[in-house]
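First comes the structure, then the notes that go with it.
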Amino acid sequence: MNVIYVLAIIVSLTLAGVSQAKDKDQTLTIQLNAEGCIANIAAPTDDNCVDDENSNRQGCGALKDCACGAKNKYIAWQTEPEKNYSVRFYDASPFHQNCRLQSNNAGMLRCRISRGAEGDFDYAITVEGCDEYDPRIVIRAN
């Protein structure tokens, strides 16, 4: 009976580690084309959207420019090369109200996801002189 109890603890700790790995802060790389406009947004290597089998980006469907986050974690954007940009949500924002949604002079923007956020959040990223770029953020319950 003690062996079963120990095995149950090991399995639960292993599964807890897997679920925590999906709740990491995310830094998205905004890749610019030769004109300085957004060509792509690269997900981080520790992508929260990838399921345990690495076969499906949950909540993103066919969208390639999609990020997944969890409440009270951070999502950051960094341009490559450095360039200023702004973020605008079409409806509600998943971030705390004090997030300015403007990059700093080094092309970085980092915001904390609010406790009340959950669901899909479509938004636009604007680089001056370029068309808006329309990615998505998926926030799921912890």
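Residue names in the structure tokens use chain letters A, B, ... in the order shown, residue numbers from 1 in each chain, and ligand numbers from 1 in the order shown.
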Query - Residue neighbourhood Thr79 in chain A, 10 Å, only C-alpha atoms, exclusion window fewer than 2 positions, as a ChimeraX atom specification - result: /A:28-32,36,38,41,77,81-85,103,106-109
Report task. Find, counting only C-alpha atoms, the residue in A:Cys66, A:Ile75, A:Ala117, A:Cys60 that gets nearest to Asp23 in chain A. Result ->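 Closest to Asp23 in chain A of all the choices is A:Ile75.
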Report task. Can you list, as a PyMOL selection string, all residues belonging to range 10-122 of chain A that DSSP tags as strand (DSSP E)? Result -> chain A and resi 26-32+38-42+66-70+74-80+86-89+108-112+119-122
Only N, CA and C atoms, please: the residues just picked out, written as a short mmCIF file (atom, residue, chain, number, x, y, z; two decimals), in the first residue's frame.
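So result-v3.cif came out as:
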```cif
data_model
loop_
_atom_site.label_atom_id
_atom_site.label_comp_id
_atom_site.auth_asym_id
_atom_site.auth_seq_id
_atom_site.Cartn_x
_atom_site.Cartn_y
_atom_site.Cartn_z
N GLN A 26 5.97 34.96 -21.27
CA GLN A 26 6.24 34.77 -22.70
C GLN A 26 6.84 36.04 -23.29
N THR A 27 7.93 35.90 -24.05
CA THR A 27 8.50 37.01 -24.80
C THR A 27 8.39 36.67 -26.28
N LEU A 28 7.63 37.50 -26.98
CA LEU A 28 7.38 37.31 -28.40
C LEU A 28 8.32 38.21 -29.18
N THR A 29 8.92 37.69 -30.23
CA THR A 29 9.83 38.47 -31.05
C THR A 29 9.10 38.97 -32.29
N ILE A 30 9.02 40.29 -32.42
CA ILE A 30 8.40 40.91 -33.59
C ILE A 30 9.48 41.05 -34.65
N GLN A 31 9.36 40.27 -35.71
CA GLN A 31 10.35 40.28 -36.78
C GLN A 31 9.90 41.27 -37.85
N LEU A 32 10.79 42.16 -38.23
CA LEU A 32 10.48 43.22 -39.20
C LEU A 32 11.03 42.87 -40.56
N ILE A 38 6.05 44.89 -39.70
CA ILE A 38 6.00 43.56 -39.10
C ILE A 38 5.79 42.50 -40.18
N ALA A 39 6.70 41.52 -40.18
CA ALA A 39 6.59 40.40 -41.10
C ALA A 39 6.06 39.16 -40.39
N ASN A 40 6.37 39.04 -39.09
CA ASN A 40 6.04 37.83 -38.36
C ASN A 40 6.21 38.10 -36.87
N ILE A 41 5.52 37.33 -36.05
CA ILE A 41 5.75 37.35 -34.61
C ILE A 41 6.12 35.94 -34.21
N ALA A 42 7.35 35.77 -33.73
CA ALA A 42 7.86 34.45 -33.38
C ALA A 42 7.53 34.13 -31.92
N CYS A 66 0.04 33.85 -32.49
CA CYS A 66 -0.83 33.73 -31.33
C CYS A 66 0.03 33.38 -30.13
N ALA A 67 -0.28 33.96 -28.98
CA ALA A 67 0.45 33.69 -27.74
C ALA A 67 -0.53 33.24 -26.67
N CYS A 68 -0.09 32.34 -25.80
CA CYS A 68 -0.91 31.87 -24.69
C CYS A 68 -0.27 32.28 -23.38
N GLY A 69 -1.10 32.74 -22.46
CA GLY A 69 -0.60 33.17 -21.17
C GLY A 69 -1.53 32.75 -20.06
N ALA A 70 -1.09 33.00 -18.86
CA ALA A 70 -1.88 32.69 -17.67
C ALA A 70 -1.98 33.93 -16.80
N TYR A 74 3.51 37.44 -17.31
CA TYR A 74 3.83 38.54 -18.22
C TYR A 74 3.87 38.06 -19.66
N ILE A 75 3.46 38.95 -20.55
CA ILE A 75 3.72 38.80 -21.98
C ILE A 75 4.52 40.02 -22.40
N ALA A 76 5.60 39.77 -23.11
CA ALA A 76 6.46 40.86 -23.58
C ALA A 76 6.64 40.72 -25.08
N TRP A 77 6.84 41.85 -25.74
CA TRP A 77 7.15 41.89 -27.16
C TRP A 77 8.49 42.59 -27.32
N GLN A 78 9.31 42.12 -28.24
CA GLN A 78 10.60 42.73 -28.54
C GLN A 78 10.76 42.76 -30.05
N THR A 79 11.02 43.94 -30.61
CA THR A 79 11.24 44.02 -32.06
C THR A 79 12.67 43.60 -32.39
N GLU A 80 12.80 43.05 -33.58
CA GLU A 80 14.11 42.64 -34.07
C GLU A 80 14.22 43.07 -35.53
N SER A 86 3.14 50.32 -31.08
CA SER A 86 2.08 50.39 -30.06
C SER A 86 1.15 49.20 -30.25
N VAL A 87 0.46 48.87 -29.16
CA VAL A 87 -0.49 47.75 -29.15
C VAL A 87 -1.86 48.31 -28.82
N ARG A 88 -2.87 47.85 -29.55
CA ARG A 88 -4.25 48.30 -29.30
C ARG A 88 -5.17 47.08 -29.36
N PHE A 89 -5.94 46.88 -28.29
CA PHE A 89 -6.90 45.78 -28.25
C PHE A 89 -8.22 46.25 -28.84
N MET A 108 10.94 47.31 -26.65
CA MET A 108 10.42 46.30 -25.70
C MET A 108 9.16 46.81 -25.03
N LEU A 109 8.20 45.93 -24.86
CA LEU A 109 6.96 46.20 -24.13
C LEU A 109 6.67 44.96 -23.31
N ARG A 110 6.41 45.14 -22.01
CA ARG A 110 6.14 44.01 -21.12
C ARG A 110 4.97 44.36 -20.21
N CYS A 111 3.94 43.51 -20.19
CA CYS A 111 2.75 43.76 -19.39
C CYS A 111 2.34 42.50 -18.63
N ARG A 112 1.78 42.72 -17.44
CA ARG A 112 1.29 41.62 -16.61
C ARG A 112 -0.18 41.37 -16.92
N GLY A 119 -9.81 34.07 -21.82
CA GLY A 119 -10.41 34.01 -23.14
C GLY A 119 -9.45 34.45 -24.23
N ASP A 120 -10.02 34.78 -25.39
CA ASP A 120 -9.25 35.21 -26.56
C ASP A 120 -9.26 36.73 -26.64
N PHE A 121 -8.10 37.32 -26.96
CA PHE A 121 -7.97 38.77 -27.07
C PHE A 121 -7.28 39.09 -28.38
N ASP A 122 -8.05 39.61 -29.34
CA ASP A 122 -7.49 40.03 -30.62
C ASP A 122 -7.04 41.47 -30.50
#
```
Requested in this report: Could you give me, as JSON, numbers by chain, the residues within 8 Å of Cys37 in chain A, counting only C-alpha atoms and dropping anything in the same chain fewer than 5 positions from it?
Outcome: {"A": [32, 127, 129, 130, 131]}
**Report entry** Length of the CA of Thr45 in chain A to CA of Ala62 in chain A vector [Å]
**Finding:** 18.4 Å
Requested in this report: Quote the spacing between CA of Ala43 in chain A and CA of Asp65 in chain A in Å to one decimal place.
Outcome: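 If I compute the distance from CA of Ala43 in chain A to CA of Asp65 in chain A, I get 7.5 Å.
Between CA of Glu132 in chain A and CA of Lys73 in chain A lies a distance of 25.6 Å.
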